[in-house]
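Asks: This is the content of protein.cif (mmCIF, C-alpha atoms, pLDDT in the B column; chains and numbers go by the auth columns):
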```
data_structure
loop_
_atom_site.group_PDB
_atom_site.id
_atom_site.type_symbol
_atom_site.label_atom_id
_atom_site.label_comp_id
_atom_site.label_asym_id
_atom_site.label_seq_id
_atom_site.Cartn_x
_atom_site.Cartn_y
_atom_site.Cartn_z
_atom_site.B_iso_or_equiv
_atom_site.auth_seq_id
_atom_site.auth_asym_id
ATOM 1 C CA MET A 1 -69.226 -55.577 28.391 61.00 253 A
ATOM 2 C CA THR A 2 -68.670 -55.396 24.663 62.00 254 A
ATOM 3 C CA SER A 3 -71.273 -55.777 21.986 70.00 255 A
ATOM 4 C CA GLN A 4 -71.066 -58.871 19.812 87.00 256 A
ATOM 5 C CA LEU A 5 -74.554 -58.894 18.420 95.00 257 A
ATOM 6 C CA ASP A 6 -75.405 -60.853 15.318 95.00 258 A
ATOM 7 C CA ALA A 7 -78.263 -60.043 12.943 96.00 259 A
ATOM 8 C CA GLN A 8 -80.731 -62.121 14.970 97.00 260 A
ATOM 9 C CA ASP A 9 -79.754 -60.357 18.199 98.00 261 A
ATOM 10 C CA GLU A 10 -80.194 -56.998 16.509 98.00 262 A
ATOM 11 C CA ARG A 11 -83.636 -58.009 15.224 98.00 263 A
ATOM 12 C CA PHE A 12 -84.827 -59.163 18.651 98.00 264 A
ATOM 13 C CA LEU A 13 -83.386 -56.126 20.428 98.00 265 A
ATOM 14 C CA ALA A 14 -85.143 -53.903 17.882 98.00 266 A
ATOM 15 C CA ARG A 15 -88.395 -55.718 18.814 98.00 267 A
ATOM 16 C CA ALA A 16 -87.862 -54.969 22.533 98.00 268 A
ATOM 17 C CA ILE A 17 -87.180 -51.319 21.686 98.00 269 A
ATOM 18 C CA GLU A 18 -90.317 -51.197 19.550 97.00 270 A
ATOM 19 C CA ILE A 19 -92.339 -52.476 22.513 97.00 271 A
ATOM 20 C CA SER A 20 -90.855 -49.673 24.609 97.00 272 A
ATOM 21 C CA ARG A 21 -91.847 -47.146 21.950 96.00 273 A
ATOM 22 C CA HIS A 22 -95.537 -48.063 22.425 92.00 274 A
ATOM 23 C CA ALA A 23 -95.351 -46.460 25.861 87.00 275 A
ATOM 24 C CA LEU A 24 -95.343 -43.128 24.051 87.00 276 A
ATOM 25 C CA GLU A 25 -98.855 -43.962 22.826 90.00 277 A
ATOM 26 C CA ASP A 26 -100.261 -45.689 25.926 84.00 278 A
ATOM 27 C CA GLU A 27 -101.092 -43.391 28.810 79.00 279 A
ATOM 28 C CA GLY A 28 -99.657 -44.549 32.115 77.00 280 A
ATOM 29 C CA LYS A 29 -96.865 -46.636 30.581 87.00 281 A
ATOM 30 C CA THR A 30 -93.171 -46.039 30.987 93.00 282 A
ATOM 31 C CA PRO A 31 -90.824 -46.611 28.031 96.00 283 A
ATOM 32 C CA PHE A 32 -89.504 -50.112 28.612 97.00 284 A
ATOM 33 C CA GLY A 33 -89.922 -53.312 26.627 97.00 285 A
ATOM 34 C CA ALA A 34 -88.512 -56.811 26.889 98.00 286 A
ATOM 35 C CA ILE A 35 -88.770 -60.208 25.264 98.00 287 A
ATOM 36 C CA VAL A 36 -87.596 -63.714 26.124 98.00 288 A
ATOM 37 C CA VAL A 37 -86.354 -65.729 23.162 98.00 289 A
ATOM 38 C CA ILE A 38 -85.744 -69.485 23.088 98.00 290 A
ATOM 39 C CA SER A 39 -84.435 -71.273 19.994 98.00 291 A
ATOM 40 C CA GLY A 40 -84.986 -68.200 17.848 98.00 292 A
ATOM 41 C CA GLU A 41 -88.621 -67.780 18.883 98.00 293 A
ATOM 42 C CA VAL A 42 -90.213 -65.122 21.112 98.00 294 A
ATOM 43 C CA VAL A 43 -91.815 -66.985 24.024 98.00 295 A
ATOM 44 C CA GLY A 44 -92.481 -64.026 26.292 98.00 296 A
ATOM 45 C CA GLU A 45 -93.062 -60.333 25.794 98.00 297 A
ATOM 46 C CA GLY A 46 -93.514 -57.526 28.269 97.00 298 A
ATOM 47 C CA THR A 47 -93.881 -53.809 28.670 96.00 299 A
ATOM 48 C CA SER A 48 -93.668 -51.777 31.823 95.00 300 A
ATOM 49 C CA SER A 49 -97.126 -51.993 33.413 94.00 301 A
ATOM 50 C CA VAL A 50 -96.305 -50.617 36.857 94.00 302 A
ATOM 51 C CA VAL A 51 -98.752 -47.709 36.749 92.00 303 A
ATOM 52 C CA GLU A 52 -101.473 -49.544 34.852 90.00 304 A
ATOM 53 C CA LEU A 53 -101.461 -52.546 37.205 93.00 305 A
ATOM 54 C CA ARG A 54 -100.509 -50.562 40.325 94.00 306 A
ATOM 55 C CA ASP A 55 -97.766 -53.138 40.782 96.00 307 A
ATOM 56 C CA PRO A 56 -94.209 -51.953 41.488 96.00 308 A
ATOM 57 C CA THR A 57 -92.857 -55.283 40.199 97.00 309 A
ATOM 58 C CA ALA A 58 -94.597 -55.109 36.802 97.00 310 A
ATOM 59 C CA HIS A 59 -91.457 -54.038 34.929 98.00 311 A
ATOM 60 C CA ALA A 60 -91.021 -55.069 31.298 98.00 312 A
ATOM 61 C CA GLU A 61 -88.510 -57.841 32.046 98.00 313 A
ATOM 62 C CA VAL A 62 -90.649 -59.329 34.824 98.00 314 A
ATOM 63 C CA MET A 63 -93.720 -59.198 32.597 98.00 315 A
ATOM 64 C CA ALA A 64 -91.790 -60.934 29.787 98.00 316 A
ATOM 65 C CA LEU A 65 -90.655 -63.661 32.202 98.00 317 A
ATOM 66 C CA ARG A 66 -94.220 -64.116 33.487 98.00 318 A
ATOM 67 C CA HIS A 67 -95.508 -64.361 29.913 98.00 319 A
ATOM 68 C CA ALA A 68 -92.811 -66.905 28.998 98.00 320 A
ATOM 69 C CA GLY A 69 -93.640 -68.939 32.101 98.00 321 A
ATOM 70 C CA ARG A 70 -97.330 -69.058 31.203 98.00 322 A
ATOM 71 C CA ASN A 71 -96.570 -69.971 27.592 98.00 323 A
ATOM 72 C CA LEU A 72 -94.052 -72.703 28.422 98.00 324 A
ATOM 73 C CA GLY A 73 -95.413 -73.991 31.729 98.00 325 A
ATOM 74 C CA ARG A 74 -92.100 -73.522 33.538 98.00 326 A
ATOM 75 C CA HIS A 75 -90.177 -70.908 35.483 98.00 327 A
ATOM 76 C CA LEU A 76 -86.580 -71.630 34.490 98.00 328 A
ATOM 77 C CA PHE A 77 -85.209 -70.550 31.125 98.00 329 A
ATOM 78 C CA GLU A 78 -81.633 -71.881 30.943 98.00 330 A
ATOM 79 C CA ASP A 79 -82.105 -71.958 27.180 98.00 331 A
ATOM 80 C CA GLY A 80 -83.329 -68.375 26.848 98.00 332 A
ATOM 81 C CA ILE A 81 -82.081 -64.915 26.021 98.00 333 A
ATOM 82 C CA MET A 82 -83.565 -61.748 27.525 98.00 334 A
ATOM 83 C CA TYR A 83 -83.662 -58.737 25.211 98.00 335 A
ATOM 84 C CA ALA A 84 -84.537 -55.454 26.931 98.00 336 A
ATOM 85 C CA SER A 85 -84.838 -51.934 25.629 98.00 337 A
ATOM 86 C CA SER A 86 -82.766 -50.728 28.590 98.00 338 A
ATOM 87 C CA GLU A 87 -80.361 -52.213 31.098 98.00 339 A
ATOM 88 C CA PRO A 88 -82.536 -53.956 33.688 98.00 340 A
ATOM 89 C CA CYS A 89 -82.930 -52.434 37.130 97.00 341 A
ATOM 90 C CA PRO A 90 -81.532 -54.487 40.030 98.00 342 A
ATOM 91 C CA MET A 91 -84.882 -56.238 40.583 98.00 343 A
ATOM 92 C CA CYS A 92 -85.183 -57.258 36.933 98.00 344 A
ATOM 93 C CA LEU A 93 -81.558 -58.330 36.746 98.00 345 A
ATOM 94 C CA MET A 94 -82.134 -60.597 39.752 98.00 346 A
ATOM 95 C CA ALA A 95 -85.319 -61.930 38.119 98.00 347 A
ATOM 96 C CA CYS A 96 -83.159 -62.940 35.140 98.00 348 A
ATOM 97 C CA TYR A 97 -80.780 -64.717 37.524 98.00 349 A
ATOM 98 C CA TRP A 98 -83.687 -66.453 39.297 98.00 350 A
ATOM 99 C CA ALA A 99 -85.023 -67.571 35.901 98.00 351 A
ATOM 100 C CA ARG A 100 -81.535 -68.858 34.993 98.00 352 A
ATOM 101 C CA ILE A 101 -81.395 -66.697 31.861 98.00 353 A
ATOM 102 C CA PRO A 102 -77.821 -67.213 30.563 98.00 354 A
ATOM 103 C CA ARG A 103 -77.649 -64.169 28.283 98.00 355 A
ATOM 104 C CA LEU A 104 -78.995 -60.620 28.517 98.00 356 A
ATOM 105 C CA ILE A 105 -78.888 -58.050 25.716 98.00 357 A
ATOM 106 C CA PHE A 106 -80.063 -54.461 26.180 98.00 358 A
ATOM 107 C CA GLY A 107 -80.109 -51.107 24.424 98.00 359 A
ATOM 108 C CA ALA A 108 -79.887 -48.084 26.731 98.00 360 A
ATOM 109 C CA SER A 109 -77.564 -48.258 29.753 97.00 361 A
ATOM 110 C CA SER A 110 -78.455 -47.463 33.368 97.00 362 A
ATOM 111 C CA HIS A 111 -76.651 -44.158 32.879 97.00 363 A
ATOM 112 C CA ASP A 112 -78.889 -43.386 29.889 98.00 364 A
ATOM 113 C CA VAL A 113 -81.961 -44.275 31.944 97.00 365 A
ATOM 114 C CA ALA A 114 -80.790 -42.064 34.846 97.00 366 A
ATOM 115 C CA THR A 115 -80.441 -39.149 32.438 97.00 367 A
ATOM 116 C CA TYR A 116 -84.203 -39.292 31.954 96.00 368 A
ATOM 117 C CA GLY A 117 -85.164 -39.485 35.611 95.00 369 A
ATOM 118 C CA PHE A 118 -85.269 -43.198 36.377 95.00 370 A
ATOM 119 C CA GLU A 119 -83.616 -44.402 39.597 95.00 371 A
ATOM 120 C CA ASP A 120 -82.018 -47.661 38.463 95.00 372 A
ATOM 121 C CA LEU A 121 -78.445 -46.404 38.862 95.00 373 A
ATOM 122 C CA GLN A 122 -79.204 -45.096 42.357 96.00 374 A
ATOM 123 C CA PHE A 123 -80.689 -48.468 43.311 96.00 375 A
ATOM 124 C CA TYR A 124 -77.606 -50.295 42.019 96.00 376 A
ATOM 125 C CA ARG A 125 -75.495 -48.063 44.274 96.00 377 A
ATOM 126 C CA GLU A 126 -77.879 -48.585 47.189 96.00 378 A
ATOM 127 C CA VAL A 127 -77.822 -52.394 47.119 95.00 379 A
ATOM 128 C CA ALA A 128 -74.022 -52.341 46.895 96.00 380 A
ATOM 129 C CA GLN A 129 -73.937 -50.713 50.340 96.00 381 A
ATOM 130 C CA PRO A 130 -73.743 -52.750 53.539 95.00 382 A
ATOM 131 C CA ALA A 131 -77.251 -53.292 54.938 94.00 383 A
ATOM 132 C CA ASP A 132 -76.697 -50.874 57.819 93.00 384 A
ATOM 133 C CA ARG A 133 -75.938 -48.033 55.368 96.00 385 A
ATOM 134 C CA ARG A 134 -78.961 -48.465 53.090 95.00 386 A
ATOM 135 C CA SER A 135 -81.946 -46.121 53.171 96.00 387 A
ATOM 136 C CA LEU A 136 -84.304 -49.093 53.658 95.00 388 A
ATOM 137 C CA ARG A 137 -84.116 -50.141 57.289 94.00 389 A
ATOM 138 C CA GLU A 138 -83.751 -53.909 57.537 94.00 390 A
ATOM 139 C CA GLU A 139 -84.320 -55.796 60.774 94.00 391 A
ATOM 140 C CA VAL A 140 -83.832 -59.504 61.327 94.00 392 A
ATOM 141 C CA ALA A 141 -85.903 -61.291 63.921 95.00 393 A
ATOM 142 C CA ASP A 142 -84.266 -63.280 66.653 93.00 394 A
ATOM 143 C CA GLY A 143 -85.409 -65.820 69.172 95.00 395 A
ATOM 144 C CA ALA A 144 -88.615 -67.774 68.682 97.00 396 A
ATOM 145 C CA LEU A 145 -89.784 -66.044 65.508 97.00 397 A
ATOM 146 C CA ARG A 146 -86.507 -66.625 63.714 96.00 398 A
ATOM 147 C CA ASP A 147 -86.511 -70.246 64.936 96.00 399 A
ATOM 148 C CA GLN A 148 -90.020 -70.707 63.531 97.00 400 A
ATOM 149 C CA ALA A 149 -89.079 -69.216 60.174 97.00 401 A
ATOM 150 C CA VAL A 150 -85.968 -71.398 59.940 97.00 402 A
ATOM 151 C CA ASP A 151 -88.012 -74.460 60.930 97.00 403 A
ATOM 152 C CA VAL A 152 -90.294 -73.954 57.907 97.00 404 A
ATOM 153 C CA LEU A 153 -87.252 -73.781 55.624 96.00 405 A
ATOM 154 C CA ARG A 154 -85.756 -76.908 57.192 96.00 406 A
ATOM 155 C CA LYS A 155 -88.997 -78.876 56.818 97.00 407 A
ATOM 156 C CA TRP A 156 -89.324 -77.774 53.177 96.00 408 A
ATOM 157 C CA ALA A 157 -85.734 -78.869 52.449 96.00 409 A
ATOM 158 C CA ASP A 158 -86.347 -82.209 54.169 96.00 410 A
ATOM 159 C CA MET A 159 -89.237 -82.901 51.767 96.00 411 A
ATOM 160 C CA LEU A 160 -87.066 -82.492 48.659 96.00 412 A
ATOM 161 C CA PRO A 161 -85.994 -85.623 46.770 96.00 413 A
ATOM 162 C CA SER A 162 -82.288 -84.853 47.228 96.00 414 A
ATOM 163 C CA PRO A 163 -80.330 -82.931 49.837 95.00 415 A
ATOM 164 C CA VAL A 164 -80.031 -79.184 49.373 94.00 416 A
ATOM 165 C CA GLU A 165 -76.664 -77.651 48.662 94.00 417 A
ATOM 166 C CA PRO A 166 -76.021 -74.574 50.855 94.00 418 A
ATOM 167 C CA LYS A 167 -75.298 -71.453 48.803 92.00 419 A
ATOM 168 C CA PHE A 168 -73.068 -69.456 51.161 94.00 420 A
#
```
Starting from the file, lay out its structure as structure tokens.
Replies:
Amino acid sequence: MTSQLDAQDERFLARAIEISRHALEDEGKTPFGAIVVISGEVVGEGTSSVVELRDPTAHAEVMALRHAGRNLGRHLFEDGIMYASSEPCPMCLMACYWARIPRLIFGASSHDVATYGFEDLQFYREVAQPADRRSLREEVADGALRDQAVDVLRKWADMLPSPVEPKF
């Protein structure tokens, strides 16, 4: 992971960091900011709003993706770049994958964030563990309930215009 930022990247990353700086002024905010950029234009902007919205998913990157989705009327951003003040937590990183963001640029690392009390690095370690060793107990249903859940997925896939490609 080496830095090859051009002047435009530096300008947009500085904007994400500036958004994070506003948390110092807004009570209940945590210091994270993010933007989604497409074709050199900011299409989505977000700050951590977890406390304010009482929503554990309202991280800066998720909020920027939501904003971009509203602005563009779509949920996939194969043509976008995510700029974040800090390395995204596992949830936000996966949100970037789900949104098909092809490039992510950030300022502070997960190690930097951990230095100031945030748990991102611990969560990265946690999800790397086999499910039976994680602190979150996960249980899969079997029998009729699993069959019912799978049936819904099968019926949804059958309604699609082309066959689904398994992602094993």
Asks: Could you give me, as a Markdown table, every stretch 253-309 of chain A residue with an atom at most 12 Å from stretch 345-368 of chain A, plus its closest atom pair and distance in Å to one decimal, counting only C-alpha atoms, rows ordered by chain then number?
Replies:
```
| residue | atom | partner | partner_atom | distance |
| --- | --- | --- | --- | --- |
| A:Met253 | CA | A:Ile357 | CA | 10.3 |
| A:Thr254 | CA | A:Ile357 | CA | 10.6 |
| A:Ser255 | CA | A:Ile357 | CA | 8.8 |
| A:Gln256 | CA | A:Ile357 | CA | 9.8 |
| A:Leu257 | CA | A:Ile357 | CA | 8.5 |
| A:Asp258 | CA | A:Ile357 | CA | 11.3 |
| A:Gln260 | CA | A:Ile357 | CA | 11.6 |
| A:Asp261 | CA | A:Ile357 | CA | 7.9 |
| A:Glu262 | CA | A:Ile357 | CA | 9.4 |
| A:Arg263 | CA | A:Ile357 | CA | 11.5 |
| A:Phe264 | CA | A:Ile357 | CA | 9.3 |
| A:Leu265 | CA | A:Phe358 | CA | 6.8 |
| A:Ala266 | CA | A:Gly359 | CA | 8.7 |
| A:Arg267 | CA | A:Gly359 | CA | 11.0 |
| A:Ala268 | CA | A:Phe358 | CA | 8.6 |
| A:Ile269 | CA | A:Gly359 | CA | 7.6 |
| A:Glu270 | CA | A:Gly359 | CA | 11.3 |
| A:Ser272 | CA | A:Gly359 | CA | 10.8 |
| A:Thr282 | CA | A:Tyr368 | CA | 11.3 |
| A:Pro283 | CA | A:Val365 | CA | 10.0 |
| A:Phe284 | CA | A:Ala360 | CA | 10.0 |
| A:Gly285 | CA | A:Phe358 | CA | 9.9 |
| A:Ala286 | CA | A:Phe358 | CA | 8.8 |
| A:Ile287 | CA | A:Ile357 | CA | 10.1 |
| A:Val288 | CA | A:Ile353 | CA | 9.0 |
| A:Val289 | CA | A:Ile353 | CA | 10.1 |
| A:Ile290 | CA | A:Ile353 | CA | 10.2 |
| A:Thr309 | CA | A:Ala347 | CA | 10.3 |
```
Asks: Could you name the residues that touch A:His311 at 12 Å or less, counting all atoms listed in the file, but leaving out those on the same chain fewer than 2 positions away, as a VMD selection string?
Replies: chain A and resid 272 281 to 287 297 to 309 313 to 318 336 to 345 347 372
Asks: Using atom CA of A:Ala259 and atom CA of A:Arg326 as the two end points, give the distance in Å to one decimal.
Replies: 28.2 Å
Asks: Have a look at A:Gly296, A:Gln400, A:Ser414, A:Ala383 and name the one nearest to A:Tyr335; count only C-alpha atoms.
Replies: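 Comparing A:Gly296, A:Gln400, A:Ser414, A:Ala383 against A:Tyr335, the winner is A:Gly296.
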Asks: Which is closer to A:Gly325 than all the others in A:Asp399, A:Ala310, A:Val295, A:Gln374, using all atoms listed in the file?
Replies: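 Closest candidate: A:Val295.
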Asks: Using all atoms of stretch 304-321 of chain A listed in the file and a margin of 5 Å per side, can you give the axis-aligned box centre and edge lengths in Å to one decimal, as AutoDock Vina command-line options?
Replies:
```
--center_x -95.0 --center_y -59.2 --center_z 35.2 --size_x 23.0 --size_y 29.4 --size_z 22.5
```
Asks: Do you have the atom CA of A:Glu417-atom CA of A:Val392 distance handy?
Replies: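 Those two atoms sit 23.3 Å apart.
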